[in-house]
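Following: one structure in structure tokens, then a few remarks.
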Amino acid sequence: MTEIMKAAVITEIKKVNVIDVPMPKIGPRDVLLKIKSAGLCTWEQRIYTGQAKAEYPFLGGHENAGEIAAVGELVTNVAVGDRVTMGSSACGTCRACLRGEDKGCAEHFLNFSLKGGIYGPGGFAEYKVHRSDGVFTVADAPWDKAALAEPLSCAIHAARLLGAKLGDTAVVFGSGTMGLMNLLVLKKSGLRVAVVDVNEDRLEKAKKLGADLVFKSDEKIRERIKGAFLGGVDYAITAYGSDDVNQDALDVLNNRGKICLFASAHPVVPFAIDPNVMHNKETSAVGVVSADRCDHALATEMIAHNQIDLSELIDATYPLSQAQEAFHRATSTPSYRVMLNP
């Protein structure tokens, strides 16, 4: 007889059902995780609202923390009972892996695909199978904070690709969950950081979390940023996907400054760059999605040792049985991370 578990599945736009699905089976290099906390990422929120396309039924959940319930016969890095966060996998032998750039490995999103007719990473459920090289021990950190290791790793990845270092300057456009994650990481790296948003309550949150300056966005935002930073910043991170924001971010860069396209755009608008301006100022642009395994390992270690406080980014928690209410809360009102606790 097949064992079953509960899972919160998006069956159509703005509809979530908690249903019985087969318990996943582990392979020799896998672990079975009892999910303790799962964050509702903006990606999964957009699938719920229909802004992002996906196959239905969709079983989301990739910001996860849990306890290992079983291990495959070849697993040596973790044991039953370990408390872990869940990140990406890597083959370890391809060109990307050998260069320390495993985000480019074909197995990076291995844990995002499920078998059995339901697409998605699978973390909005009681249990999840994950390749053992993608789990990282998190000591006794609270489950909801531990589950935020994945989004934190993305902000760490952005700072690393930018080359952010002590004494640099940056402006973050957008002070939602991911904008504030970037703020926290940049401040830990020793930067002077400004945050831009249209929402005054969110700007107050940014100030509370260490922003050196906050700006409510208006038609003079470029001049105000340049005035505060002696002409421009070293890095501009767009944590909100918008052509207007992208153009503001480009304009406020110093010579050799970098723009980080952190957020996806919905709808997509082509990003116009004046090649002569980039040529003359020697500026550059980087895109960020997901992270390398080293970034996730660092994020988990920081959470495990209480080196970063993410409590201000947890907005509400719901049991798995109230997944519909959780998605409604996350998408209908300005919020930070809404968590499911299976």
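Following the order of the structure tokens, first chain is A, next is B, and so on, with residues numbered from 1 inside each chain and ligands from 1 in the order they appear.
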Write out as CSV the residues of segment 228-265 of chain A that have any atom within 12 Å of an atom of segment 144-167 of chain A, one row each with the nearest atom pair and its distance in Å to one decimal, counting only C-alpha atoms, sorted by chain and then rising number.
```
residue,atom,partner,partner_atom,distance
A:Val233,CA,A:Gly167,CA,11.2
A:Asp234,CA,A:Ala164,CA,8.6
A:Tyr235,CA,A:Leu162,CA,7.4
A:Ala236,CA,A:Leu162,CA,9.7
A:Ile237,CA,A:Ala158,CA,8.7
A:Thr238,CA,A:Ala158,CA,10.9
A:Ala239,CA,A:Ala155,CA,10.1
A:Arg256,CA,A:Leu162,CA,11.2
A:Gly257,CA,A:Leu162,CA,9.2
A:Lys258,CA,A:Leu162,CA,6.9
A:Ile259,CA,A:Leu162,CA,8.3
A:Cys260,CA,A:Ala158,CA,7.3
A:Leu261,CA,A:Ala158,CA,9.2
A:Phe262,CA,A:Ala158,CA,7.6
A:Ala263,CA,A:Cys154,CA,10.8
```
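Every protein, DNA or RNA residue with an atom at most 12 Å from Ser332 of chain A, where only C-alpha atoms count and chain neighbours fewer than 5 positions away do not, is listed here: Lys14, Gln45, Arg46, Tyr48, Thr49, Gln324, Glu325, Ala326, Phe327 and Val338 of chain A.
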Saved selection, atoms kept: C-alpha atoms, as a PDB file, in the first residue's frame:
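Below is the file part_26.pdb, written as the result:
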```pdb
ATOM      1  CA  LYS A  14      -5.849  31.942  -6.614  1.00  0.00           C
ATOM      2  CA  GLN A  45       3.043  34.051  -5.073  1.00  0.00           C
ATOM      3  CA  ARG A  46       3.106  35.099  -8.742  1.00  0.00           C
ATOM      4  CA  TYR A  48      -0.745  31.755  -7.376  1.00  0.00           C
ATOM      5  CA  THR A  49      -1.935  35.097  -8.808  1.00  0.00           C
ATOM      6  CA  GLN A 324      -5.093  29.212   1.048  1.00  0.00           C
ATOM      7  CA  GLU A 325      -5.220  31.851   3.794  1.00  0.00           C
ATOM      8  CA  ALA A 326      -1.416  32.120   3.790  1.00  0.00           C
ATOM      9  CA  PHE A 327      -1.289  32.837   0.054  1.00  0.00           C
ATOM     10  CA  VAL A 338       4.602  34.478   5.153  1.00  0.00           C
TER      11      VAL A 338
END
```
Let me make sure I understand: among A:Ala291, A:Val172, A:Ala194, A:Ala206, which one has the smallest atom-to-atom distance to Ser88 of chain A if we use only C-alpha atoms?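 Of the candidates, the smallest distance to Ser88 of chain A is held by A:Ala291.
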Identify which of the residues A:Leu213, A:Ala304, A:Phe58, A:Ser189 lies closest to Ile118 of chain A, counting only C-alpha atoms when measuring atom-to-atom distances. A:Phe58
When you count only C-alpha atoms, which of these residues is closest to Pro121 of chain A: A:Ala69, A:Ala7, A:Ala316, A:Ala139?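 Using only C-alpha atoms, the shortest distance to Pro121 of chain A belongs to A:Ala7.
Every protein, DNA or RNA residue with an atom at most 8 Å from segment 100-103 of chain A, where only C-alpha atoms count and chain neighbours fewer than 4 positions away do not, is listed here: Ala90, Gly92, Ala96, His108, Ser290, Ala291, Asp292 and Arg293 of chain A.
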Export C-alpha atoms of the chosen residues as a PDB file, in the first residue's frame?
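Final output, saved to selection-v6.pdb:
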```
ATOM      1  CA  ALA A  90      25.691  20.206  -8.207  1.00  0.00           C
ATOM      2  CA  GLY A  92      30.844  18.506  -9.007  1.00  0.00           C
ATOM      3  CA  ALA A  96      30.807  25.305 -14.031  1.00  0.00           C
ATOM      4  CA  HIS A 108      21.502  23.102  -9.989  1.00  0.00           C
ATOM      5  CA  SER A 290      19.360  31.669  -7.082  1.00  0.00           C
ATOM      6  CA  ALA A 291      22.895  31.158  -5.699  1.00  0.00           C
ATOM      7  CA  ASP A 292      25.945  28.932  -5.698  1.00  0.00           C
ATOM      8  CA  ARG A 293      26.131  26.234  -3.016  1.00  0.00           C
TER       9      ARG A 293
END
```
Find, counting only C-alpha atoms, the residue in A:Leu32, A:Val286, A:Leu183, A:Cys94 that gets nearest to Ile308 of chain A.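 The closest residue to Ile308 of chain A is A:Leu183.
Minimum distance to Gly72 of chain A across A:Val214, A:Cys105, A:Ala323, A:Leu33 (counting only C-alpha atoms) occurs at A:Leu33.
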Within 9 Å of Leu184 of chain A, counting only C-alpha atoms, which residues qualify if same-chain residues fewer than 2 places away don't, as a PyMOL selection string? chain A and resi 155+179-182+186-189+209-211+308-310
Taking the chain letters and numbering used in this document, name the residues of segment 115-332 of chain A that DSSP puts in strand (DSSP E), as a PyMOL selection string. chain A and resi 127-131+135-137+169-173+192-197+213-216+233-238+253-261+284-287+314-319
Could you write those residues out with C-alpha atoms, as an mmCIF file, in the first residue's frame?
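Below is the file that was written, selection-v7.cif:
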```
data_model
loop_
_atom_site.group_PDB
_atom_site.id
_atom_site.type_symbol
_atom_site.label_atom_id
_atom_site.label_comp_id
_atom_site.auth_asym_id
_atom_site.auth_seq_id
_atom_site.Cartn_x
_atom_site.Cartn_y
_atom_site.Cartn_z
ATOM 1 C CA TYR A 127 7.842 15.564 3.505
ATOM 2 C CA LYS A 128 10.276 16.243 0.670
ATOM 3 C CA VAL A 129 13.044 14.269 -1.009
ATOM 4 C CA HIS A 130 16.238 16.262 -1.572
ATOM 5 C CA ARG A 131 19.660 15.279 -2.883
ATOM 6 C CA VAL A 135 21.235 20.096 2.557
ATOM 7 C CA PHE A 136 23.162 22.072 5.194
ATOM 8 C CA THR A 137 23.015 21.641 8.962
ATOM 9 C CA THR A 169 28.305 52.511 -1.365
ATOM 10 C CA ALA A 170 25.025 51.084 -2.622
ATOM 11 C CA VAL A 171 21.377 51.866 -3.153
ATOM 12 C CA VAL A 172 18.676 49.198 -3.011
ATOM 13 C CA PHE A 173 15.486 49.905 -4.961
ATOM 14 C CA ARG A 192 26.967 52.598 3.287
ATOM 15 C CA VAL A 193 23.501 51.756 1.953
ATOM 16 C CA ALA A 194 20.408 53.709 0.937
ATOM 17 C CA VAL A 195 16.978 52.185 0.297
ATOM 18 C CA VAL A 196 14.315 53.539 -2.073
ATOM 19 C CA ASP A 197 10.614 52.681 -1.952
ATOM 20 C CA LEU A 213 19.504 56.671 4.210
ATOM 21 C CA VAL A 214 15.982 56.075 2.954
ATOM 22 C CA PHE A 215 14.272 57.838 0.058
ATOM 23 C CA LYS A 216 10.638 57.872 -0.937
ATOM 24 C CA VAL A 233 26.994 54.928 -5.829
ATOM 25 C CA ASP A 234 29.194 51.931 -6.500
ATOM 26 C CA TYR A 235 26.277 49.502 -6.742
ATOM 27 C CA ALA A 236 22.560 49.792 -7.484
ATOM 28 C CA ILE A 237 20.393 46.753 -6.752
ATOM 29 C CA THR A 238 16.942 46.568 -8.299
ATOM 30 C CA LEU A 253 26.064 54.723 -10.753
ATOM 31 C CA ASN A 254 29.583 56.016 -10.254
ATOM 32 C CA ASN A 255 32.248 55.390 -12.862
ATOM 33 C CA ARG A 256 32.839 51.612 -12.862
ATOM 34 C CA GLY A 257 29.650 51.151 -10.887
ATOM 35 C CA LYS A 258 27.518 48.032 -11.265
ATOM 36 C CA ILE A 259 23.787 47.523 -11.494
ATOM 37 C CA CYS A 260 22.393 44.245 -10.165
ATOM 38 C CA LEU A 261 19.141 43.082 -11.785
ATOM 39 C CA SER A 284 28.501 47.002 -15.938
ATOM 40 C CA ALA A 285 25.366 44.990 -15.214
ATOM 41 C CA VAL A 286 24.924 41.612 -13.523
ATOM 42 C CA GLY A 287 21.841 39.447 -13.156
ATOM 43 C CA ILE A 314 8.809 37.052 9.114
ATOM 44 C CA ASP A 315 5.330 38.506 8.747
ATOM 45 C CA ALA A 316 3.027 35.612 9.700
ATOM 46 C CA THR A 317 2.924 31.834 10.060
ATOM 47 C CA TYR A 318 0.161 29.394 9.095
ATOM 48 C CA PRO A 319 -0.318 25.643 9.383
#
```
Across A:Leu250, A:Leu59, A:Val9, A:Leu74, the smallest distance to Ala272 of chain A, with only C-alpha atoms counted, is shown by A:Leu250
